[in-house]
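**Q** upload-v6.cif is the file, holding mmCIF, C-alpha atoms:
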```cif
data_coords
loop_
_atom_site.label_atom_id
_atom_site.label_comp_id
_atom_site.auth_asym_id
_atom_site.auth_seq_id
_atom_site.Cartn_x
_atom_site.Cartn_y
_atom_site.Cartn_z
CA ILE N 8 -65.22 -6.94 -69.12
CA THR N 9 -66.98 -4.81 -71.68
CA LEU N 10 -70.27 -5.55 -69.97
CA LEU N 11 -69.20 -3.36 -67.07
CA SER N 12 -66.96 -1.17 -69.28
CA GLN N 13 -63.96 -2.05 -67.16
CA LYS N 14 -60.55 -3.38 -68.13
CA LEU N 15 -58.85 -5.92 -65.86
CA ARG N 16 -55.31 -7.09 -66.55
CA GLY N 17 -54.12 -10.24 -64.90
CA SER N 18 -52.25 -13.50 -65.39
CA LEU N 19 -53.50 -17.04 -65.05
CA LEU N 20 -50.89 -19.86 -64.72
CA LEU N 21 -52.13 -23.39 -65.00
CA SER N 22 -50.06 -26.47 -64.23
CA GLU N 23 -51.34 -29.91 -63.37
CA ALA N 24 -50.56 -29.22 -59.69
CA VAL N 25 -51.46 -25.59 -59.20
CA ALA N 26 -53.65 -22.92 -60.77
CA ASN N 27 -52.53 -19.39 -60.02
CA LEU N 28 -54.45 -16.20 -60.78
CA GLN N 29 -52.83 -12.80 -60.29
CA ILE N 30 -54.55 -9.41 -60.78
CA THR N 31 -52.19 -6.70 -59.63
CA LYS N 32 -52.65 -2.96 -59.27
CA ASN N 33 -55.81 -2.82 -61.39
CA SER N 34 -57.91 0.29 -60.96
CA ILE N 35 -61.66 0.43 -61.45
CA ASN N 36 -63.47 3.68 -62.14
CA LEU N 37 -66.51 3.48 -59.89
CA LYS N 38 -68.55 5.97 -61.84
CA GLN N 39 -68.34 3.87 -65.00
CA LEU N 40 -68.82 0.67 -63.02
CA SER N 41 -71.96 1.90 -61.25
CA ASP N 42 -73.42 3.46 -64.40
CA ALA N 43 -72.74 0.29 -66.43
CA SER N 44 -73.96 -2.19 -63.81
CA LYS N 45 -77.12 -0.24 -63.00
CA ASN N 46 -79.33 -2.23 -65.31
CA TYR N 47 -78.05 -5.54 -63.98
CA LEU N 48 -78.02 -4.97 -60.26
CA ASP N 49 -81.23 -3.27 -59.11
CA ALA N 50 -79.53 -2.59 -55.77
CA LEU N 51 -77.29 -0.22 -57.71
CA ALA N 52 -80.15 1.28 -59.71
CA LEU N 53 -80.55 4.16 -57.28
CA VAL N 54 -76.84 4.73 -56.68
CA GLU N 55 -75.13 7.55 -58.55
CA ILE N 56 -71.36 7.69 -58.13
CA GLU N 57 -69.77 11.03 -58.99
CA THR N 58 -66.12 10.32 -58.23
CA GLY N 59 -64.12 7.40 -56.93
CA GLU N 60 -61.65 4.78 -57.94
CA VAL N 61 -60.75 1.40 -56.43
CA ILE N 62 -57.32 -0.22 -56.77
CA ILE N 63 -57.56 -4.01 -56.72
CA ASP N 64 -54.83 -6.53 -55.96
CA LEU N 65 -55.96 -10.15 -56.06
CA SER N 66 -53.99 -13.38 -55.99
CA ALA N 67 -55.51 -16.83 -55.79
CA GLN N 68 -53.78 -20.23 -55.80
CA TYR N 69 -55.60 -23.51 -56.09
CA ASN N 70 -53.55 -26.59 -55.22
CA ARG N 71 -55.25 -29.40 -57.08
CA ARG N 72 -53.59 -32.23 -55.13
CA HIS N 73 -54.67 -31.06 -51.68
CA ALA N 74 -57.77 -29.21 -52.89
CA LEU N 75 -56.44 -26.21 -51.01
CA LEU N 76 -57.48 -22.70 -52.09
CA SER N 77 -55.63 -19.62 -50.90
CA VAL N 78 -57.08 -16.19 -51.74
CA GLU N 79 -55.56 -12.82 -50.90
CA SER N 80 -57.16 -9.53 -51.93
CA ARG N 81 -56.54 -5.85 -51.25
CA LEU N 82 -59.06 -3.19 -52.15
CA ILE N 83 -58.09 0.45 -51.60
CA SER N 84 -60.33 3.27 -52.74
CA ASP N 85 -59.68 6.96 -52.83
CA ASP N 86 -62.32 9.63 -52.29
CA ILE N 87 -65.66 8.12 -53.41
CA SER N 88 -68.59 10.51 -53.57
CA GLY N 89 -72.13 10.27 -54.84
CA LYS N 90 -75.67 9.64 -53.69
CA LYS N 91 -78.26 6.92 -53.27
CA GLU N 92 -81.68 8.46 -53.77
CA LEU N 93 -81.56 11.42 -51.36
CA LEU N 94 -78.73 10.01 -49.19
CA LEU N 95 -75.52 11.92 -49.99
CA PHE N 96 -71.97 10.77 -49.27
CA ASP N 97 -68.48 12.06 -49.99
CA GLY N 98 -64.96 11.37 -48.87
CA VAL N 99 -65.62 7.63 -48.70
CA LYS N 100 -62.43 5.59 -48.31
CA LEU N 101 -62.39 1.82 -48.29
CA ASN N 102 -59.38 -0.20 -47.18
CA SER N 103 -59.90 -3.94 -47.32
CA HIS N 104 -57.30 -6.64 -46.80
CA LEU N 105 -58.38 -10.28 -46.89
CA HIS N 106 -56.29 -13.47 -46.85
CA TYR N 107 -58.23 -16.74 -46.48
CA ARG N 108 -57.17 -20.35 -46.89
CA ILE N 109 -59.95 -22.86 -47.62
CA ASP N 110 -59.26 -26.58 -47.37
CA ALA N 111 -60.96 -29.55 -49.03
CA SER N 112 -63.66 -29.68 -46.32
CA HIS N 113 -64.35 -25.95 -46.89
CA LYS N 114 -62.89 -25.02 -43.52
CA VAL N 115 -61.69 -21.42 -43.70
CA THR N 116 -58.47 -20.32 -42.02
CA ILE N 117 -58.35 -16.56 -41.66
CA ILE N 118 -54.82 -15.23 -42.09
CA GLU N 119 -55.80 -11.61 -42.67
CA ASP N 120 -59.22 -9.97 -42.49
CA THR N 121 -59.31 -6.23 -41.84
CA GLN N 122 -62.06 -4.12 -43.39
CA ARG N 123 -61.89 -0.37 -42.77
CA LEU N 124 -64.42 2.20 -44.03
CA ASP N 125 -64.14 5.95 -43.54
CA ILE N 126 -66.82 8.41 -44.63
CA ASN N 127 -66.12 12.15 -44.30
CA ASN N 128 -69.69 13.29 -44.87
CA LEU N 129 -72.88 11.26 -44.92
CA PHE N 130 -76.22 13.08 -45.20
CA VAL N 131 -79.22 11.00 -44.09
CA GLY N 132 -81.51 13.89 -43.31
CA ILE N 133 -79.10 15.10 -40.71
CA PRO N 134 -75.38 15.50 -41.50
CA ILE N 135 -73.08 12.81 -40.11
CA GLN N 136 -69.33 13.39 -40.19
CA ALA N 137 -66.14 11.41 -39.62
CA LEU N 138 -67.81 8.02 -39.72
CA THR N 139 -65.39 5.13 -39.15
CA VAL N 140 -66.06 1.39 -39.29
CA ASP N 141 -63.47 -1.25 -38.38
CA ALA N 142 -64.89 -4.65 -39.21
CA GLN N 143 -64.11 -8.23 -40.26
CA LEU N 144 -65.94 -10.30 -42.84
CA ASN N 145 -65.03 -13.20 -40.62
CA ALA N 146 -65.84 -15.94 -43.20
CA GLY N 147 -69.53 -15.19 -43.34
CA GLN N 148 -70.02 -14.06 -39.74
CA PRO N 149 -69.29 -10.34 -40.21
CA ILE N 150 -68.61 -8.32 -37.07
CA VAL N 151 -68.10 -4.59 -36.53
CA HIS N 152 -65.33 -4.16 -33.97
CA HIS N 153 -65.55 -0.36 -33.78
CA PHE N 154 -68.05 2.10 -35.18
CA LYS N 155 -67.95 5.82 -34.47
CA ALA N 156 -69.38 8.96 -36.03
CA ARG N 157 -69.98 12.62 -35.24
CA LEU N 158 -73.48 14.08 -35.40
CA LEU N 159 -75.74 16.59 -33.69
CA GLY N 160 -72.75 18.30 -32.10
CA GLY N 161 -71.63 15.14 -30.35
CA ARG N 162 -70.39 11.63 -30.93
CA LEU N 163 -71.83 8.15 -31.28
CA ASP N 164 -69.93 4.92 -31.00
CA LEU N 165 -70.33 1.20 -30.48
CA ASP N 166 -68.05 -1.86 -30.31
CA ASP N 167 -68.18 -5.57 -31.15
CA PHE N 168 -71.49 -5.77 -32.97
CA LYS N 169 -72.15 -8.96 -34.95
CA LEU N 170 -74.07 -8.21 -38.15
CA ILE N 171 -75.87 -11.53 -38.19
CA ALA N 172 -78.94 -11.65 -35.90
CA PRO N 173 -79.32 -12.21 -33.04
CA SER N 174 -76.71 -9.90 -31.57
CA GLN N 175 -76.53 -6.88 -29.34
CA THR N 176 -74.25 -4.10 -28.22
CA ILE N 177 -74.36 -0.74 -26.42
CA LEU N 178 -74.73 2.42 -28.50
CA ASN N 179 -72.98 5.24 -26.66
CA LEU N 180 -74.00 8.87 -27.21
CA SER N 181 -71.76 11.59 -25.87
CA GLY N 182 -71.86 15.37 -26.00
CA ILE N 183 -75.05 15.58 -28.08
CA SER N 184 -76.19 19.22 -28.27
CA LEU N 185 -79.89 19.66 -27.43
CA PRO N 186 -80.26 22.74 -29.69
CA GLU N 187 -78.86 20.71 -32.61
CA VAL N 188 -81.44 17.97 -31.99
CA ILE N 189 -84.28 20.51 -31.76
CA LYS N 190 -83.06 22.18 -34.97
CA TYR N 191 -84.04 19.01 -36.86
CA SER N 192 -87.27 18.45 -34.90
CA ALA N 193 -90.79 19.50 -35.80
CA TYR N 194 -90.36 22.65 -33.64
CA PRO N 195 -87.01 24.16 -34.67
CA GLU N 196 -87.94 27.56 -33.30
CA ILE N 197 -87.63 26.29 -29.68
CA GLU N 198 -84.46 27.65 -28.06
CA SER N 199 -82.51 25.41 -25.70
CA LYS N 200 -79.16 24.71 -24.14
CA ALA N 201 -77.92 21.36 -22.75
CA ILE N 202 -75.40 18.62 -23.49
CA VAL N 203 -76.83 15.10 -23.51
CA ASP N 204 -75.14 11.71 -23.09
CA GLY N 205 -76.76 8.35 -23.52
CA MET N 206 -76.38 4.56 -23.35
CA LEU N 207 -78.72 2.68 -25.64
CA PRO N 208 -78.83 -1.16 -25.56
CA LEU N 209 -79.02 -2.06 -29.27
CA LYS N 210 -80.44 -5.42 -30.32
CA LEU N 211 -80.29 -6.92 -33.82
CA THR N 212 -83.14 -9.32 -34.55
CA GLU N 213 -84.34 -10.93 -37.75
CA ALA N 214 -86.67 -7.96 -38.23
CA GLY N 215 -83.95 -5.33 -37.72
CA ILE N 216 -82.45 -3.08 -35.08
CA GLU N 217 -84.30 -2.14 -31.88
CA ILE N 218 -83.46 -0.25 -28.69
CA ASN N 219 -85.03 -1.12 -25.35
CA ASP N 220 -84.69 1.02 -22.24
CA GLY N 221 -82.03 3.29 -23.58
CA ILE N 222 -81.12 5.98 -21.08
CA ILE N 223 -80.26 9.60 -21.80
CA PHE N 224 -79.31 12.31 -19.36
CA ALA N 225 -78.19 15.93 -19.50
CA ARG N 226 -74.74 16.78 -18.19
CA ALA N 227 -74.43 19.07 -15.18
CA PRO N 228 -75.21 21.96 -14.80
CA GLY N 229 -78.30 21.20 -16.97
CA GLY N 230 -79.59 23.98 -19.23
CA TYR N 231 -82.78 25.67 -20.42
CA ILE N 232 -85.74 25.31 -22.78
CA LYS N 233 -87.52 28.38 -24.16
CA VAL N 234 -90.68 27.81 -26.20
CA PRO N 235 -91.28 31.10 -28.10
CA GLU N 236 -94.68 32.74 -28.46
CA ASN N 237 -95.64 31.95 -32.08
CA THR N 238 -95.05 28.23 -32.33
CA VAL N 239 -97.31 25.49 -33.51
CA ILE N 240 -97.39 23.99 -30.00
CA LYS N 241 -98.87 27.22 -28.66
CA ALA N 242 -101.37 27.17 -31.49
CA MET N 243 -102.43 23.68 -30.49
CA GLY N 244 -103.01 24.80 -26.90
CA ARG N 245 -105.40 27.69 -27.53
CA GLY N 246 -108.46 27.42 -25.27
CA ASN N 247 -106.92 24.78 -23.02
CA PRO N 248 -105.92 26.52 -19.76
CA ALA N 249 -103.72 23.71 -18.36
CA PHE N 250 -101.90 23.59 -21.67
CA SER N 251 -101.46 27.35 -21.83
CA PHE N 252 -100.06 27.35 -18.28
CA THR N 253 -97.59 24.64 -19.34
CA MET N 254 -96.56 26.81 -22.25
CA GLN N 255 -96.07 29.78 -19.95
CA LEU N 256 -93.82 27.70 -17.71
CA LEU N 257 -91.89 26.52 -20.76
CA SER N 258 -91.42 30.02 -22.14
CA ASN N 259 -88.32 30.19 -19.92
CA PHE N 260 -87.65 26.86 -18.19
CA GLN N 261 -84.25 26.56 -16.51
CA PHE N 262 -83.42 22.97 -15.51
CA ASP N 263 -80.61 21.29 -13.60
CA THR N 264 -81.47 17.64 -14.24
CA MET N 265 -82.90 15.90 -17.30
CA GLN N 266 -83.05 12.13 -17.68
CA GLY N 267 -85.12 9.87 -19.81
CA ARG N 268 -85.77 6.52 -21.42
CA ILE N 269 -85.65 5.84 -25.15
CA GLY N 270 -87.24 3.01 -27.09
CA TYR N 271 -86.89 2.39 -30.82
CA THR N 272 -88.48 -0.34 -32.91
CA ASP N 273 -87.14 -1.87 -36.14
CA ASP N 274 -89.74 0.01 -38.22
CA GLY N 275 -88.49 3.36 -36.89
CA GLU N 276 -91.06 4.15 -34.18
CA SER N 277 -89.32 5.98 -31.33
CA ASP N 278 -90.67 6.49 -27.84
CA LEU N 279 -89.14 9.00 -25.45
CA ASP N 280 -90.06 9.61 -21.79
CA ILE N 281 -88.10 12.42 -20.17
CA GLU N 282 -88.18 13.87 -16.64
CA ILE N 283 -86.80 17.36 -16.32
CA LYS N 284 -86.46 19.17 -12.96
CA GLY N 285 -85.96 22.91 -12.82
CA ILE N 286 -87.68 26.28 -12.31
CA SER N 287 -89.52 28.78 -14.44
CA PRO N 288 -88.27 32.03 -12.87
CA THR N 289 -90.45 34.50 -14.76
CA VAL N 290 -93.66 32.55 -14.00
CA SER N 291 -93.17 30.72 -10.70
CA GLY N 292 -89.97 32.11 -9.23
CA THR N 293 -87.88 29.50 -7.46
CA GLN N 294 -90.77 27.07 -6.98
CA PRO N 295 -89.52 23.67 -8.25
CA VAL N 296 -91.10 22.51 -11.52
CA ASN N 297 -91.15 18.83 -12.59
CA PHE N 298 -91.65 18.61 -16.37
CA ASN N 299 -92.57 15.17 -17.72
CA TYR N 300 -92.28 15.11 -21.50
CA SER N 301 -93.21 12.13 -23.66
CA HIS N 302 -92.52 12.12 -27.39
CA LYS N 303 -93.55 9.58 -30.03
CA GLU N 304 -92.30 9.87 -33.60
CA ASN N 305 -91.13 7.65 -36.43
CA ILE N 306 -87.46 8.54 -36.82
CA LEU N 307 -87.09 6.90 -40.24
CA LYS N 308 -89.99 9.01 -41.55
CA LEU N 309 -88.55 12.12 -39.89
CA LEU N 310 -85.20 11.56 -41.62
CA GLN N 311 -87.00 10.87 -44.88
CA SER N 312 -88.92 14.16 -44.68
CA LEU N 313 -85.71 16.00 -43.71
CA ARG N 314 -83.99 14.56 -46.80
CA PHE N 315 -87.00 15.54 -48.87
CA ASN N 316 -87.01 19.11 -47.52
CA GLU N 317 -83.26 19.41 -48.10
CA GLN N 318 -83.72 18.32 -51.69
CA LEU N 319 -86.53 20.85 -52.12
CA VAL N 320 -84.32 23.68 -50.83
CA ARG N 321 -81.48 22.56 -53.13
CA ASP N 322 -83.81 22.41 -56.14
CA ILE N 323 -85.06 25.89 -55.45
CA LYS N 324 -81.55 27.25 -54.99
CA GLU N 325 -80.48 25.70 -58.27
CA ARG N 326 -83.45 27.07 -60.15
CA TYR N 327 -83.21 30.63 -58.87
CA ILE C 12 -102.43 44.67 -60.07
CA GLU C 13 -101.80 40.96 -60.39
CA LEU C 14 -100.30 38.88 -57.55
CA PRO C 15 -97.16 37.72 -59.43
CA ASP C 16 -96.38 41.29 -60.59
CA ALA C 17 -96.87 42.69 -57.07
CA LYS C 18 -94.35 40.14 -55.85
CA GLU C 19 -91.96 40.84 -58.70
CA LEU C 20 -92.10 44.60 -57.93
CA GLY C 21 -91.42 43.91 -54.24
CA LEU C 22 -94.73 45.37 -53.08
CA ILE C 23 -95.78 42.24 -51.14
CA GLY C 24 -94.09 39.20 -49.64
CA GLU C 25 -94.76 35.79 -48.08
CA GLN C 26 -95.07 35.60 -44.27
CA THR C 27 -94.21 32.65 -42.00
CA ASN C 28 -97.92 32.26 -41.18
CA GLY C 29 -98.77 31.29 -44.74
CA LEU C 30 -100.36 34.66 -45.52
CA LEU C 31 -99.29 37.51 -47.80
CA GLY C 32 -97.90 40.68 -46.21
CA VAL C 33 -97.71 44.22 -47.53
CA VAL C 34 -94.19 45.54 -48.08
CA GLU C 35 -95.06 48.82 -49.86
CA SER C 36 -98.56 49.91 -49.00
CA SER C 37 -101.10 51.32 -51.41
CA VAL C 38 -104.85 50.97 -51.56
CA GLU C 39 -104.57 48.58 -54.49
CA VAL C 40 -101.94 46.41 -52.78
CA GLU C 41 -103.85 46.32 -49.48
CA THR C 42 -107.05 45.11 -51.16
CA LEU C 43 -105.17 42.50 -53.18
CA VAL C 44 -103.48 41.13 -50.04
CA LYS C 45 -106.72 41.13 -48.04
CA GLU C 46 -108.59 39.29 -50.81
CA ILE C 47 -105.89 36.62 -51.35
CA ASN C 48 -105.44 36.04 -47.61
CA LEU C 49 -109.16 35.52 -47.13
CA ARG C 50 -109.20 32.85 -49.82
CA ARG C 51 -106.04 31.22 -48.44
CA LEU C 52 -107.45 31.11 -44.89
CA ALA C 53 -110.64 29.49 -46.18
CA LYS C 54 -108.53 26.79 -47.86
CA TYR C 55 -106.28 26.34 -44.81
CA SER C 56 -109.23 25.83 -42.47
CA GLN C 57 -110.70 23.29 -44.91
CA ILE C 58 -107.42 21.33 -44.85
CA ALA C 59 -107.16 21.68 -41.06
CA GLU C 60 -110.71 20.41 -40.63
CA LYS C 61 -110.10 17.40 -42.85
CA ASN C 62 -106.85 16.38 -41.10
CA GLY C 63 -107.80 17.14 -37.50
CA MET C 64 -105.22 19.92 -37.17
CA THR C 65 -105.57 23.53 -36.04
CA LEU C 66 -105.74 26.42 -38.51
CA ASP C 67 -102.47 27.75 -37.07
CA GLN C 68 -100.72 24.44 -37.68
CA VAL C 69 -101.79 24.32 -41.33
CA SER C 70 -100.94 27.99 -41.80
CA LEU C 71 -97.43 27.45 -40.44
CA LEU C 72 -96.91 24.43 -42.72
CA ALA C 73 -98.24 26.54 -45.63
CA GLY C 74 -95.83 29.30 -44.64
CA GLU C 75 -92.89 26.89 -44.79
CA LYS C 76 -93.99 25.98 -48.31
CA THR C 77 -94.70 29.46 -49.68
CA ILE C 78 -91.41 30.79 -48.35
CA LYS C 79 -89.50 27.89 -49.89
CA LYS C 80 -91.35 28.40 -53.18
CA THR C 81 -90.69 32.14 -53.27
CA ALA C 82 -88.32 33.11 -56.08
CA ALA C 83 -84.97 34.69 -55.24
CA GLY C 84 -85.13 38.48 -55.26
CA GLN C 85 -88.66 38.53 -53.82
CA TYR C 86 -89.62 39.39 -50.24
CA ILE C 87 -90.05 36.87 -47.44
CA GLN C 88 -90.47 37.31 -43.70
CA ASN C 89 -87.54 36.01 -41.64
CA ALA C 90 -87.74 34.27 -38.24
CA SER C 91 -87.82 37.59 -36.38
CA GLY C 92 -90.61 38.94 -38.61
CA GLN C 93 -88.63 41.40 -40.78
CA TRP C 94 -88.93 41.60 -44.56
CA VAL C 95 -85.85 40.27 -46.29
CA VAL C 96 -85.13 39.63 -49.97
CA LYS C 97 -84.64 35.93 -50.56
CA CYS Z 29 -80.40 40.82 18.83
CA THR Z 30 -79.59 37.36 17.75
CA PRO Z 31 -79.81 36.99 13.99
CA ARG Z 32 -82.69 34.73 13.07
CA VAL Z 33 -82.33 32.58 10.01
CA GLU Z 34 -85.58 31.45 8.58
CA LEU Z 35 -85.39 28.67 6.10
CA ALA Z 36 -88.47 28.99 3.97
CA MET Z 37 -89.20 25.53 2.57
CA PRO Z 38 -89.85 25.89 -1.20
CA SER Z 39 -93.54 25.25 -1.73
CA GLU Z 40 -94.94 22.16 -3.42
CA PRO Z 41 -93.30 21.46 -6.86
CA ILE Z 42 -95.45 22.18 -9.90
CA THR Z 43 -95.74 19.10 -12.12
CA ILE Z 44 -96.47 19.57 -15.82
CA ASN Z 45 -96.97 16.78 -18.33
CA LEU Z 46 -96.67 17.20 -22.07
CA ASN Z 47 -97.27 14.35 -24.52
CA VAL Z 48 -96.37 15.01 -28.13
CA LYS Z 49 -96.94 12.59 -30.98
CA ILE Z 50 -95.57 13.60 -34.37
CA ASP Z 51 -97.45 11.85 -37.09
CA HIS Z 52 -95.51 12.14 -40.29
CA GLU Z 53 -98.40 10.62 -42.20
CA ILE Z 54 -100.61 13.68 -41.65
CA ARG Z 55 -97.76 16.06 -42.30
CA VAL Z 56 -96.99 14.33 -45.60
CA LYS Z 57 -100.67 14.32 -46.61
CA VAL Z 58 -101.16 17.98 -45.65
CA ASP Z 59 -97.92 18.78 -47.44
CA LYS Z 60 -99.35 17.31 -50.60
CA GLU Z 61 -102.66 19.13 -50.25
CA LEU Z 62 -100.80 22.41 -49.79
CA ASP Z 63 -98.64 21.68 -52.83
CA ASP Z 64 -101.76 21.18 -54.92
CA LEU Z 65 -103.29 24.31 -53.38
CA PHE Z 66 -100.43 26.49 -54.52
CA ASP Z 67 -100.05 24.81 -57.89
CA ASP Z 68 -103.36 24.49 -59.63
CA GLU Z 69 -105.37 27.03 -57.61
CA SER Z 70 -104.78 30.02 -59.81
CA GLY Z 71 -103.73 33.24 -58.14
CA LEU Z 72 -103.16 31.97 -54.60
CA PHE Z 73 -99.37 31.91 -54.71
#
```
Can I see the file as structure tokens?
**A**
Amino acid sequence: ITLLSQKLRGSLLLSEAVANLQITKNSINLKQLSDASKNYLDALALVEIETGEVIIDLSAQYNRRHALLSVESRLISDDISGKKELLLFDGVKLNSHLHYRIDASHKVTIIEDTQRLDINNLFVGIPIQALTVDAQLNAGQPIVHHFKARLLGGRLDLDDFKLIAPSQTILNLSGISLPEVIKYSAYPEIESKAIVDGMLPLKLTEAGIEINDGIIFARAPGGYIKVPENTVIKAMGRGNPAFSFTMQLLSNFQFDTMQGRIGYTDDGESDLDIEIKGISPTVSGTQPVNFNYSHKENILKLLQSLRFNEQLVRDIKERY
Amino acid sequence: IELPDAKELGLIGEQTNGLLGVVESSVEVETLVKEINLRRLAKYSQIAEKNGMTLDQVSLLAGEKTIKKTAAGQYIQNASGQWVVK
Amino acid sequence: CTPRVELAMPSEPITINLNVKIDHEIRVKVDKELDDLFDDESGLF
């Protein structure tokens, strides 16, 4: 297939009863494939593959008399790496095994359908590691049986999520480190300590993914938040006494409980309402302090600007 | 003395608040820094006015930028306020 | 004398509210204005 600068070796046996196509142990160099197919598939236009090879095994029999088609394919890739715009990925391993039988009335019998994707590192603005997807193509009704990944010092996972709308599942967050989250926020200089878990009802609609009434809570024994002197928040508060008092309380806020609600819309708008109960020893001794924090931000735009900043830093490092 | 040379010679550096800081003082360096900072602050407050932000906010964003743009080998102020060579 | 234990009830809790809205639009626009400031404005960077 000179078009895609790939070579495929196979055998095609034709008899009046059966047609049989066999492509065994063919390997495709993904870098060449993606470079060559860029101008045909605009979806691939922004993808740059650095390394990666896929071994293909395909066998298809078509029984003319019963109009019965049997297709079996195995795709195994080694370590694919590359980027799509500013999204970086490496250590991508694909392991796909598919065996379908399709009869004259196009009814599909699934004999084998296991799709497994592993990604060592995926950078979307924040680094995501050890991502694993176990899924089935399921004859056009794809479903993710298990998805898990490590990020922000903790883990995220979900099960049984159909990829055709409408569908829903529960996104579980566990062991997320508050300082890691704040490191990627607009106020990275804020110091903190807490481990956060969460359960986020995820809904897939025609428009995309949304979260309604997700709950997050800090693990016992809670933690602390310390807003240092020279931050932008303090700058915003100058000349507003109530605000300055809040900042004083938050300069060393020790809390034992933190719980909140999370909303997320398909265009990326996130909405967080958190109740934190603790004390601010240096300012108000052991008097209980209830801190209600609400946060609105577009997460997709945040990740985009984080990717942009990361690229800027990389450019500068390369140039100097 | 010109701004780029003063930076190259390590006499001044970029601070986190978007302003220049003196690393090795001299009358000439002090006046250069004062003059540049005045012009920068005028620009920052213009931008802050236009976008409904505070001067400090714009200065901090400017600081992020100037520090990132600073060439390796020149001085920048680190998170705890000390001069370090990038 | 009999020891007297006095349980001082902690006084009323202080309630503080903080609402933060991060608008990436402004940040991107300001970012661009600052880029231009340090590029074409001679002698400011």
**Q** Kindly resolve the PyMOL selection byres ((chain Z and resi 41) around 10) on the present coordinates and return the residues as a ChimeraX atom specification.
**A** /N:284-286,293-297 /Z:38-40,42-44
**Q** Once the PyMOL selection byres ((chain N and resi 185-193) around 8) is applied to the coordinates I shared, what remains selected? I want it as a CSV table (one decimal) with C-alpha atoms, in the frame of the given file.
**A**
```csv
chain,number,residue,atom,x,y,z
N,133,ILE,CA,-79.1,15.1,-40.7
N,159,LEU,CA,-75.7,16.6,-33.7
N,160,GLY,CA,-72.8,18.3,-32.1
N,183,ILE,CA,-75.0,15.6,-28.1
N,184,SER,CA,-76.2,19.2,-28.3
N,194,TYR,CA,-90.4,22.6,-33.6
N,195,PRO,CA,-87.0,24.2,-34.7
N,196,GLU,CA,-87.9,27.6,-33.3
N,197,ILE,CA,-87.6,26.3,-29.7
N,198,GLU,CA,-84.5,27.6,-28.1
N,199,SER,CA,-82.5,25.4,-25.7
N,200,LYS,CA,-79.2,24.7,-24.1
N,201,ALA,CA,-77.9,21.4,-22.8
N,202,ILE,CA,-75.4,18.6,-23.5
N,203,VAL,CA,-76.8,15.1,-23.5
N,313,LEU,CA,-85.7,16.0,-43.7
Z,50,ILE,CA,-95.6,13.6,-34.4
```
**Q** Could you please determine the separation between CA of Asn28 in chain C and CA of Leu66 in chain C in Å, to one decimal place?
**A**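 Rounded to one decimal, the two atoms are 10.1 Å apart.
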**Q** I'd like the residues picked by the PyMOL selection byres ((chain C and resi 79-90) around 10) written out as a VMD selection string, using the chain letters and numbers from the file.
**A** (chain N and resid 196 316 319 to 320 323 to 324 326 to 327) or (chain C and resid 17 to 28 31 to 34 73 to 78 91 to 97) or (chain Z and resid 63 66 73)
**Q** Store the residues of this selection in a file with C-alpha atoms, as a short mmCIF file (atom, residue, chain, number, x, y, z; two decimals), in the frame of the given file.
**A**
```
data_model
loop_
_atom_site.label_atom_id
_atom_site.label_comp_id
_atom_site.auth_asym_id
_atom_site.auth_seq_id
_atom_site.Cartn_x
_atom_site.Cartn_y
_atom_site.Cartn_z
CA GLU N 196 -87.94 27.56 -33.30
CA ASN N 316 -87.01 19.11 -47.52
CA LEU N 319 -86.53 20.85 -52.12
CA VAL N 320 -84.32 23.68 -50.83
CA ILE N 323 -85.06 25.89 -55.45
CA LYS N 324 -81.55 27.25 -54.99
CA ARG N 326 -83.45 27.07 -60.15
CA TYR N 327 -83.21 30.63 -58.87
CA ALA C 17 -96.87 42.69 -57.07
CA LYS C 18 -94.35 40.14 -55.85
CA GLU C 19 -91.96 40.84 -58.70
CA LEU C 20 -92.10 44.60 -57.93
CA GLY C 21 -91.42 43.91 -54.24
CA LEU C 22 -94.73 45.37 -53.08
CA ILE C 23 -95.78 42.24 -51.14
CA GLY C 24 -94.09 39.20 -49.64
CA GLU C 25 -94.76 35.79 -48.08
CA GLN C 26 -95.07 35.60 -44.27
CA THR C 27 -94.21 32.65 -42.00
CA ASN C 28 -97.92 32.26 -41.18
CA LEU C 31 -99.29 37.51 -47.80
CA GLY C 32 -97.90 40.68 -46.21
CA VAL C 33 -97.71 44.22 -47.53
CA VAL C 34 -94.19 45.54 -48.08
CA ALA C 73 -98.24 26.54 -45.63
CA GLY C 74 -95.83 29.30 -44.64
CA GLU C 75 -92.89 26.89 -44.79
CA LYS C 76 -93.99 25.98 -48.31
CA THR C 77 -94.70 29.46 -49.68
CA ILE C 78 -91.41 30.79 -48.35
CA SER C 91 -87.82 37.59 -36.38
CA GLY C 92 -90.61 38.94 -38.61
CA GLN C 93 -88.63 41.40 -40.78
CA TRP C 94 -88.93 41.60 -44.56
CA VAL C 95 -85.85 40.27 -46.29
CA VAL C 96 -85.13 39.63 -49.97
CA LYS C 97 -84.64 35.93 -50.56
CA ASP Z 63 -98.64 21.68 -52.83
CA PHE Z 66 -100.43 26.49 -54.52
CA PHE Z 73 -99.37 31.91 -54.71
#
```
**Q** When you look at Asp85 in chain N with a cut-off of 9 Å (counting all atoms listed in the file), what residues show up, excluding the ones that are within fewer than 2 positions of it in the same chain? I need them as a ChimeraX atom specification.
**A** /N:59-62,83,87,98-101
**Q** What does the distance from CA of Gly221 in chain N to CA of Ala156 in chain N come to in Å, to one decimal?
**A**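 These atoms are spaced 18.6 Å apart.
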**Q** Please measure the separation of CA of Thr253 in chain N and CA of Met64 in chain C, giving the value in Å to one decimal.
**A**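 Pair CA of Thr253 in chain N / CA of Met64 in chain C returns 20.0 Å.
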